[in-house]
Amino acid sequence: MCTVRRWGSWRRSGAVLLASAGLACGPGDVWDDQVLLRPNGDVLIAAEEVSIAERVPGDVMAAGRSITFDGVVGGSYLGAGADQEITGRIDGSVRAAGASVRLEATVARNVTAVGGVVQVGRDAVIGGNAYVAGGEVRVMGSVDGDVYVGGETVELGGHVAGDVRAEAGSLTIGPEARIDGELRYRLAETGVATISPQATVAEGVLVLEPREEGRSGIGLTAVRLVAFLLAGVVLVALFPVTLTTITHDVADHTAAGLGLGLVAVILTPVAVLVLAVTIVGIPLALTLAAAYAAALYLAPVVAGLWLGGEILRGRDPADRRGTVALFLAGGVIVAVAMLLPWIGWLARLVAVCFGLGAVVVTIRDRRVA
């Protein structure tokens, strides 16, 4: 059973969008406030609240503010949302990101989870490796492979058949922890590690020196931040009316925009590959690939402009100065989010899907009109 609720006005939600490895989308339904596709045995769904408790022969790809999964998946689970709860059984891998992610499922292969709070519960059984990162991370289940974990606070209390590699502000190895391999960890300079005497680490513990932040890395980050903001200022200054119209069109259709943006992200490379296999289509493939690369870089500008409009409500964006001011107000937040460790890739994905989806929504609405 798969249920959804409409997004309504989703402007301040912290929900994020997922990436998936789907190849093509078959018949599906796209509404103003939700997206549901069922291509070739897969389920792709975007809505405010998503609840899936069915048997899916392929992959599950879900996005929403709240996601609850308690079904059986023959392929992999890919999800992103403010809150996720994953139980049931996944015969492939799990890739999940959100403000809060809790995993209690049986997973045949690997688990990759990123979030503000990530919990791998005691009932979780992972057949492969676990890659977990977040602000607060707890790994209490069973992992047949290795565990790679990073976070501000990290706690391990389950059985790991392989090695554990950890980077944390503080690390706790609980009394029920059993690590059949080696524990290797690195803490922040002021970090503290607590290893219970009852914990078992078969191949010993290795403590690594704190990582030094080089000036070159900070300088490169600053350059990337400024470059994005300059590109955004130029774009909104050149096309203030067009970009303002796009952000207005997508404001009340956020779920549809995100879903359509996801489809664009997935299908455009496929179209490039299809065109590239024919001699006649090679020039068009190269052109489309260049446009796609530019769109991936510039699409977050739309997200920044939309966010700035939410922050500075009531400000007139009719002229160039007003539009630039709105972009800078939101663009700085979007740019910083994209540069954050652990979750920056996810923030960029959200911004790209939002921007591309906004363009698709505008084109769709104009054609309907």
# chains A, B, ... in the order shown; residues from 1 in each chain; ligands from 1
$ residues_around --residues "Arg122 (chain A)" --least-positions-apart "4" --cutoff "8 Å" --atoms "only C-alpha atoms" --output "number ranges by chain"
A: 104, 140-142, 158
$ residues_around --residues "Leu296 (chain A)" --least-positions-apart "5" --cutoff "12 Å" --atoms "only C-alpha atoms" --output "VMD selection string"
chain A and resid 228 261 to 262 264 to 266 268 to 269 289 to 291 301 to 302 348 to 357
$ residues_around --residues "Glu182 (chain A)" --least-positions-apart "2" --cutoff "8 Å" --atoms "only C-alpha atoms" --output "list in words"
Gly162, Asp163, Val164, Ile179, Asp180, Arg184, Val201, Ala202, Glu203, Gly204, Val205 and Leu206 of chain A
$ write_last_selection --atoms "C-alpha atoms" --output "PDB file, in the first residue's frame"
ATOM      1  CA  GLY A 162      34.487  -6.068   9.871  1.00  0.00           C
ATOM      2  CA  ASP A 163      36.435  -2.923  10.749  1.00  0.00           C
ATOM      3  CA  VAL A 164      35.199   0.411  12.082  1.00  0.00           C
ATOM      4  CA  ILE A 179      33.869  -5.368  16.646  1.00  0.00           C
ATOM      5  CA  ASP A 180      35.444  -8.412  14.998  1.00  0.00           C
ATOM      6  CA  ARG A 184      40.421   3.144  13.924  1.00  0.00           C
ATOM      7  CA  VAL A 201      37.502  -5.040  19.703  1.00  0.00           C
ATOM      8  CA  ALA A 202      39.181  -8.150  18.324  1.00  0.00           C
ATOM      9  CA  GLU A 203      42.018  -6.571  16.335  1.00  0.00           C
ATOM     10  CA  GLY A 204      42.823  -3.606  18.513  1.00  0.00           C
ATOM     11  CA  VAL A 205      42.304   0.152  18.560  1.00  0.00           C
ATOM     12  CA  LEU A 206      44.277   2.727  16.570  1.00  0.00           C
TER      13      LEU A 206
END
$ select_by_dssp --residues "region 154-271 of chain A" --states "alpha helix (DSSP H)" --output "PDB file with C-alpha atoms, in the first residue's frame"
ATOM      1  CA  ARG A 215      44.503  27.466   4.588  1.00  0.00           C
ATOM      2  CA  SER A 216      44.419  26.381   0.962  1.00  0.00           C
ATOM      3  CA  GLY A 217      41.218  24.412   1.564  1.00  0.00           C
ATOM      4  CA  ILE A 218      39.554  27.373   3.236  1.00  0.00           C
ATOM      5  CA  GLY A 219      40.669  29.651   0.439  1.00  0.00           C
ATOM      6  CA  LEU A 220      39.284  27.297  -2.227  1.00  0.00           C
ATOM      7  CA  THR A 221      35.953  27.150  -0.396  1.00  0.00           C
ATOM      8  CA  ALA A 222      35.800  30.950  -0.290  1.00  0.00           C
ATOM      9  CA  VAL A 223      36.559  31.145  -4.019  1.00  0.00           C
ATOM     10  CA  ARG A 224      33.771  28.669  -4.823  1.00  0.00           C
ATOM     11  CA  LEU A 225      31.338  30.627  -2.657  1.00  0.00           C
ATOM     12  CA  VAL A 226      32.154  33.959  -4.287  1.00  0.00           C
ATOM     13  CA  ALA A 227      32.129  32.446  -7.796  1.00  0.00           C
ATOM     14  CA  PHE A 228      28.611  31.058  -7.320  1.00  0.00           C
ATOM     15  CA  LEU A 229      27.302  34.334  -5.916  1.00  0.00           C
ATOM     16  CA  LEU A 230      28.846  36.342  -8.778  1.00  0.00           C
ATOM     17  CA  ALA A 231      27.372  33.961 -11.366  1.00  0.00           C
ATOM     18  CA  GLY A 232      23.983  34.262  -9.674  1.00  0.00           C
ATOM     19  CA  VAL A 233      24.106  38.063  -9.529  1.00  0.00           C
ATOM     20  CA  VAL A 234      24.927  38.232 -13.232  1.00  0.00           C
ATOM     21  CA  LEU A 235      22.126  35.807 -14.120  1.00  0.00           C
ATOM     22  CA  VAL A 236      19.394  37.549 -12.107  1.00  0.00           C
ATOM     23  CA  ALA A 237      20.551  40.949 -13.298  1.00  0.00           C
ATOM     24  CA  LEU A 238      20.291  39.854 -16.929  1.00  0.00           C
ATOM     25  CA  PRO A 240      15.113  39.529 -13.558  1.00  0.00           C
ATOM     26  CA  VAL A 241      11.586  39.180 -14.930  1.00  0.00           C
ATOM     27  CA  THR A 242      12.064  35.653 -16.263  1.00  0.00           C
ATOM     28  CA  LEU A 243      13.612  34.306 -13.070  1.00  0.00           C
ATOM     29  CA  THR A 244      11.045  36.029 -10.871  1.00  0.00           C
ATOM     30  CA  THR A 245       8.268  34.464 -12.945  1.00  0.00           C
ATOM     31  CA  ILE A 246       9.862  31.030 -12.636  1.00  0.00           C
ATOM     32  CA  THR A 247      10.126  31.246  -8.833  1.00  0.00           C
ATOM     33  CA  HIS A 248       6.513  32.437  -8.573  1.00  0.00           C
ATOM     34  CA  ASP A 249       5.275  29.577 -10.757  1.00  0.00           C
ATOM     35  CA  VAL A 250       6.965  26.890  -8.673  1.00  0.00           C
ATOM     36  CA  ALA A 251       6.110  28.392  -5.256  1.00  0.00           C
ATOM     37  CA  THR A 254       6.958  22.606  -4.941  1.00  0.00           C
ATOM     38  CA  ALA A 255       6.504  18.837  -4.924  1.00  0.00           C
ATOM     39  CA  ALA A 256       5.781  18.717  -8.637  1.00  0.00           C
ATOM     40  CA  GLY A 257       8.784  20.943  -9.281  1.00  0.00           C
ATOM     41  CA  LEU A 258      11.108  18.732  -7.271  1.00  0.00           C
ATOM     42  CA  GLY A 259       9.778  15.584  -8.917  1.00  0.00           C
ATOM     43  CA  LEU A 260      10.034  16.999 -12.424  1.00  0.00           C
ATOM     44  CA  GLY A 261      13.506  18.301 -11.633  1.00  0.00           C
ATOM     45  CA  LEU A 262      14.519  14.804 -10.543  1.00  0.00           C
ATOM     46  CA  VAL A 263      13.203  13.386 -13.816  1.00  0.00           C
ATOM     47  CA  ALA A 264      15.202  16.005 -15.758  1.00  0.00           C
ATOM     48  CA  VAL A 265      18.373  15.184 -13.825  1.00  0.00           C
ATOM     49  CA  ILE A 266      17.959  11.467 -14.557  1.00  0.00           C
ATOM     50  CA  LEU A 267      16.806  11.529 -18.173  1.00  0.00           C
ATOM     51  CA  THR A 268      19.044  14.223 -19.679  1.00  0.00           C
ATOM     52  CA  PRO A 269      22.250  12.133 -19.482  1.00  0.00           C
ATOM     53  CA  VAL A 270      20.320   9.218 -20.966  1.00  0.00           C
ATOM     54  CA  ALA A 271      19.239  11.427 -23.873  1.00  0.00           C
TER      55      ALA A 271
END
$ closest_residue --among "A:Val324, A:Ala161, A:Ala47, A:Val149" --to "Gly128 (chain A)" --atoms "only C-alpha atoms"
A:Ala161
$ residues_around --residues "Gly308 (chain A)" --least-positions-apart "6" --cutoff "8 Å" --atoms "only C-alpha atoms" --output "short mmCIF file (atom, residue, chain, number, x, y, z; two decimals) with C-alpha atoms, in the first residue's frame"
data_model
loop_
_atom_site.label_atom_id
_atom_site.label_comp_id
_atom_site.auth_asym_id
_atom_site.auth_seq_id
_atom_site.Cartn_x
_atom_site.Cartn_y
_atom_site.Cartn_z
CA ALA A 325 18.92 41.67 -3.29
CA LEU A 326 16.51 38.75 -3.07
CA PHE A 327 19.04 36.41 -4.62
CA LEU A 328 21.85 37.46 -2.29
CA ALA A 329 19.60 36.98 0.75
CA GLY A 330 18.86 33.38 -0.20
CA GLY A 331 21.87 32.61 -2.38
#
$ closest_residue --among "A:Pro197, A:Gly150, A:Gly116, A:Gly75" --to "Ile173 (chain A)" --atoms "only C-alpha atoms"
A:Pro197
